[in-house]
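Engineer: For reference, this is coords_18.txt, and it has compact mmCIF, C-alpha atoms.
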# COMPACT_ATOMS: atom_id res chain seq x y z
CA MET A 1 0.00 0.00 0.00
CA LYS A 2 2.83 2.42 0.86
CA GLY A 3 4.38 1.80 -2.57
CA LEU A 4 1.11 2.68 -4.29
CA VAL A 5 0.76 5.91 -2.29
CA ARG A 6 4.40 6.83 -2.98
CA GLY A 7 4.07 6.21 -6.69
CA THR A 8 0.81 8.14 -6.91
CA LEU A 9 2.28 11.10 -5.02
CA ALA A 10 5.34 11.21 -7.28
CA ALA A 11 3.23 10.93 -10.45
CA VAL A 12 0.86 13.72 -9.37
CA ALA A 13 3.75 16.02 -8.47
CA LEU A 14 5.52 15.45 -11.78
CA ALA A 15 2.29 15.86 -13.78
CA MET A 16 1.56 19.17 -12.04
CA VAL A 17 5.06 20.45 -12.81
CA ALA A 18 4.81 19.41 -16.44
CA ALA A 19 1.41 21.09 -16.78
CA THR A 20 2.45 24.42 -15.25
CA ALA A 21 6.18 24.79 -15.85
CA ASP A 22 7.81 26.75 -18.65
CA PRO A 23 11.39 25.41 -18.63
CA LEU A 24 12.70 27.83 -21.28
CA ALA A 25 11.50 30.84 -19.31
CA ALA A 26 13.04 29.39 -16.15
CA GLN A 27 16.57 30.06 -17.41
CA GLY A 28 16.33 33.72 -16.35
CA ARG A 29 14.12 33.15 -13.31
CA GLN A 30 14.87 33.29 -9.62
CA LYS A 31 16.71 30.63 -7.66
CA GLU A 32 16.72 30.25 -3.90
CA ILE A 33 19.04 28.59 -1.42
CA ARG A 34 17.48 27.85 1.97
CA LEU A 35 18.84 26.64 5.28
CA ASP A 36 16.31 24.86 7.53
CA PHE A 37 17.88 24.97 10.98
CA LEU A 38 15.02 24.37 13.43
CA SER A 39 12.69 21.36 13.33
CA LEU A 40 10.18 19.61 15.54
CA GLN A 41 8.82 16.08 14.96
CA THR A 42 6.34 13.93 16.82
CA SER A 43 5.43 10.28 16.24
CA ASP A 44 4.49 7.29 18.37
CA GLY A 45 4.29 9.52 21.46
CA ASP A 46 7.88 10.76 21.05
CA THR A 47 8.77 14.38 20.34
CA ARG A 48 12.12 15.52 18.94
CA LEU A 49 13.41 19.09 18.66
CA ASP A 50 16.48 19.72 16.48
CA ALA A 51 18.35 23.00 16.30
CA ALA A 52 21.38 22.87 14.04
CA PHE A 53 23.35 25.19 11.81
CA PRO A 54 23.46 24.82 8.89
CA GLY A 55 20.83 22.06 9.25
CA GLY A 56 19.09 21.03 6.05
CA LEU A 57 19.89 22.63 2.71
CA ALA A 58 17.40 23.20 -0.13
CA VAL A 59 17.91 24.81 -3.52
CA ALA A 60 14.79 25.94 -5.39
CA PHE A 61 14.71 26.41 -9.16
CA TYR A 62 11.59 28.39 -10.04
CA MET A 63 9.86 27.12 -13.17
CA ASN A 64 7.33 29.98 -13.14
CA GLU A 65 5.82 32.38 -10.60
CA SER A 66 4.05 29.58 -8.70
CA VAL A 67 6.08 26.36 -9.07
CA ALA A 68 9.64 25.35 -8.15
CA ILE A 69 11.68 22.17 -8.24
CA GLU A 70 13.52 21.86 -4.93
CA PRO A 71 16.29 19.34 -4.24
CA ARG A 72 17.01 18.99 -0.50
CA PHE A 73 19.99 17.59 1.40
CA ALA A 74 20.77 17.02 5.07
CA LEU A 75 23.49 15.42 7.21
CA ASP A 76 22.81 14.51 10.83
CA PHE A 77 25.95 13.68 12.87
CA GLN A 78 25.71 12.32 16.41
CA SER A 79 28.50 11.36 18.78
CA GLY A 80 29.10 11.31 22.50
CA ASP A 81 28.76 9.18 25.61
CA GLY A 82 25.65 7.05 25.90
CA ILE A 83 24.20 7.73 22.44
CA ALA A 84 24.29 5.89 19.13
CA GLU A 85 27.11 7.47 17.14
CA GLY A 86 26.84 7.83 13.39
CA THR A 87 25.59 9.84 10.48
CA VAL A 88 22.28 9.95 8.66
CA PHE A 89 22.30 11.40 5.13
CA SER A 90 19.08 12.38 3.36
CA ALA A 91 18.40 13.64 -0.14
CA GLY A 92 15.01 14.50 -1.53
CA LEU A 93 13.08 16.23 -4.26
CA PHE A 94 10.08 18.42 -3.45
CA VAL A 95 7.82 20.47 -5.73
CA PRO A 96 6.47 23.57 -3.93
CA PHE A 97 3.34 25.27 -5.25
CA TYR A 98 3.08 28.90 -4.11
CA LEU A 99 -0.45 30.26 -3.93
CA ALA A 100 0.61 33.95 -4.03
CA GLY A 101 2.41 33.53 -7.36
CA ASP A 102 5.34 35.76 -6.38
CA THR A 103 8.19 33.34 -7.05
CA GLY A 104 8.11 31.86 -3.56
CA ARG A 105 8.93 35.04 -1.68
CA SER A 106 5.81 35.17 0.51
CA GLY A 107 2.42 33.58 1.10
CA PHE A 108 1.08 30.08 1.56
CA PHE A 109 2.52 27.00 -0.15
CA LEU A 110 2.05 23.23 -0.50
CA SER A 111 5.06 21.06 -1.28
CA PRO A 112 4.76 17.29 -1.97
CA GLY A 113 7.97 15.32 -2.23
CA ILE A 114 10.01 12.18 -1.83
CA GLU A 115 13.30 11.60 0.03
CA LEU A 116 15.93 8.90 0.50
CA MET A 117 17.75 8.30 3.80
CA LYS A 118 20.86 6.26 4.63
CA GLY A 119 22.51 5.72 8.02
CA THR A 120 26.12 4.87 8.93
CA GLY A 121 28.05 3.96 12.08
CA ASP A 122 25.94 2.82 15.04
CA ARG A 123 22.96 4.37 13.24
CA GLU A 124 23.49 2.22 10.11
CA PHE A 125 20.47 1.19 8.07
CA ASP A 126 19.73 0.36 4.45
CA THR A 127 18.47 3.10 2.17
CA GLN A 128 14.91 4.04 3.05
CA VAL A 129 12.34 5.82 0.88
CA ASN A 130 10.00 8.35 2.49
CA TYR A 131 7.39 10.72 1.09
CA GLY A 132 5.66 13.72 2.52
CA LEU A 133 3.93 17.04 2.29
CA ASP A 134 4.94 20.46 3.62
CA ALA A 135 2.31 23.17 4.04
CA GLY A 136 3.19 26.57 5.35
CA MET A 137 3.93 30.24 4.97
CA LYS A 138 6.84 32.28 3.64
CA MET A 139 7.42 35.84 4.81
CA THR A 140 9.51 38.39 2.88
CA ARG A 141 12.22 40.07 5.01
CA ASN A 142 13.78 42.16 2.23
CA ASP A 143 14.32 41.95 -1.54
CA ARG A 144 16.54 38.86 -1.33
CA VAL A 145 15.65 37.21 2.00
CA SER A 146 12.56 35.37 3.23
CA THR A 147 11.75 33.13 6.17
CA ARG A 148 9.79 29.90 5.92
CA LEU A 149 7.64 28.08 8.48
CA ALA A 150 6.11 24.77 7.42
CA LEU A 151 4.06 22.03 8.99
CA THR A 152 5.35 18.69 7.78
CA LEU A 153 3.84 15.25 7.30
CA ARG A 154 6.16 12.32 6.54
CA ASP A 155 5.61 8.59 6.07
CA GLY A 156 7.48 5.73 4.46
CA ASP A 157 10.16 3.17 5.28
CA SER A 158 11.74 5.23 8.10
CA PHE A 159 8.58 5.57 10.16
CA GLY A 160 6.24 3.14 11.93
CA ASP A 161 3.47 5.74 11.99
CA PRO A 162 3.20 9.01 10.05
CA VAL A 163 5.34 11.80 11.51
CA ILE A 164 3.92 15.28 12.05
CA GLY A 165 6.29 18.16 12.54
CA ALA A 166 7.34 21.70 11.77
CA VAL A 167 10.44 23.29 10.26
CA PHE A 168 11.81 26.85 10.16
CA GLY A 169 14.37 28.21 7.71
CA ILE A 170 15.79 31.25 5.95
CA GLY A 171 16.04 31.58 2.16
CA LEU A 172 18.27 33.76 -0.05
CA PHE A 173 17.18 34.58 -3.63
CA TRP A 174 19.32 35.29 -6.72
CA ARG A 175 19.05 35.13 -10.53
Would it be possible to restate this file's structure as structure tokens?
Structural biologist:
Amino acid sequence: MKGLVRGTLAAVALAMVAATADPLAAQGRQKEIRLDFLSLQTSDGDTRLDAAFPGGLAVAFYMNESVAIEPRFALDFQSGDGIAEGTVFSAGLFVPFYLAGDTGRSGFFLSPGIELMKGTGDREFDTQVNYGLDAGMKMTRNDRVSTRLALTLRDGDSFGDPVIGAVFGIGLFWR
């Protein structure tokens, strides 16, 4: 069942991009690099708060005023006494749809996506496939900077039950 949901989500996201994107016009359009450095997740009665700099990294390539293609990357290192030491690497692809149509600078958005995770060291695990949806708000701070607050929903191989959370980040725009 999870495979069917994953495949459907990916197909819908790609179909929406193909229907609304203008790749030739995107060559001169805005790009954004974003650092997500504060996150909160809750699942199975456990809550986790992460504050890290630089945290997760996302790069958005705007296809038009309302749609972007957004690769995301994150590394999570842990070491110390009494904890499982190791690294978790994640890479994903999300497709944000901005309702304000201002090239992702402000307003509400929905962002479906898929991500891969791999653990090493004491946290080693085989590659896992997860999918999710971010819904939130971006707020313009100046011409090139915006902040982003999103509620997140994730499910897939890494989770027993769906994970609900939130993430906060800062984005920098350029052409």
Engineer: Would you mind telling me which residue in A:Gly156, A:Gly82, A:Gly101, A:Gly107 lies nearest to A:Thr127 when using only C-alpha atoms?
Structural biologist: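 Selected residue with least distance to A:Thr127: A:Gly156.
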Engineer: Between A:Leu57, A:Thr147, A:Asp155, A:Ala84, which residue has the minimum interatomic distance to A:Gln128, considering all atoms listed in the file?
Structural biologist: A:Asp155
Engineer: What separation in Å, quoted to one decimal, exists between atom CA of A:Pro96 and atom CA of A:Gly119?
Structural biologist: 26.8 Å
Engineer: Find the residues of stretch 98-129 of chain A that sit at most 10 Å from stretch 24-48 of chain A; for each, write down the nearest two atoms and how far apart they are in Å, to one decimal. Count only C-alpha atoms. Sort by chain, then by number going up, and give it as a tab-separated table.
Structural biologist:
residue	atom	partner	partner_atom	distance
A:Thr103	CA	A:Gln30	CA	7.2
A:Gly104	CA	A:Glu32	CA	8.8
A:Arg105	CA	A:Glu32	CA	9.4
Engineer: Selection from above, C-alpha atoms, as a compact mmCIF listing (two decimals), keeping the file's coordinate frame, can you write it?
Structural biologist:
# COMPACT_ATOMS: atom_id res chain seq x y z
CA THR A 103 8.19 33.34 -7.05
CA GLY A 104 8.11 31.86 -3.56
CA ARG A 105 8.93 35.04 -1.68
Engineer: Would you compute the distance between atom CA of A:Phe125 and atom CA of A:Ala60? Give it in Å to one decimal.
Structural biologist: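 Atom CA of A:Ala60 lies at a distance of 28.7 Å from atom CA of A:Phe125.
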Engineer: My list of candidates is A:Gly92, A:Gly169, A:Gly136, A:Gly86. Which is closest to A:Gly121 when distances are computed with only C-alpha atoms?
Structural biologist: A:Gly86
Engineer: Skipping near chain neighbours, those fewer than 2 positions away, what residues fall within 8 Å of A:Ser66 using only C-alpha atoms, listed as number ranges by chain?
Structural biologist: A: 62-64, 68, 97-104
Engineer: What is the atom CA of A:Gly132-atom CA of A:Pro162 distance in Å, reported with one decimal?
Structural biologist: 9.2 Å
Engineer: Skip A:Arg148 itself and residues of its chain fewer than 6 positions away, then list as a list in words all residues within 7 Å of it, counting all atoms listed in the file.
Structural biologist: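 Here the qualifying residues turn out to be Met137, Lys138, Met139, Phe168, Gly169 and Ile170 of chain A.
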Engineer: Which is closest to A:Trp174 among A:Phe108, A:Ile114, A:Leu93, A:Val145, if we use all atoms listed in the file?
Structural biologist: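 Among the listed residues, the smallest separation from A:Trp174 belongs to A:Val145.
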Engineer: Looking at A:Ile69, A:Leu133, A:Val167, A:Ala150, which one is nearest to A:Gly56, with distances taken over only C-alpha atoms?
Structural biologist: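 When distances to A:Gly56 are compared using only C-alpha atoms, the smallest one comes from A:Val167.
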Engineer: From the set A:Leu151, A:Ile164, A:Leu172, A:Ala51, which residue has the shortest atom-to-atom contact distance to A:Phe109, counting only C-alpha atoms?
Structural biologist: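 Result for the nearest residue to A:Phe109: A:Leu151.
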Engineer: I'd like the neighbourhood of A:Phe89 as a list of chain:residue names, where a residue qualifies if any of its atoms comes within 7 Å (using only C-alpha atoms), though same-chain residues fewer than 3 positions away should be ignored.
Structural biologist: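 Those residues are A:Ala74, A:Leu75, A:Asp76, A:Met117, A:Lys118, A:Gly119.
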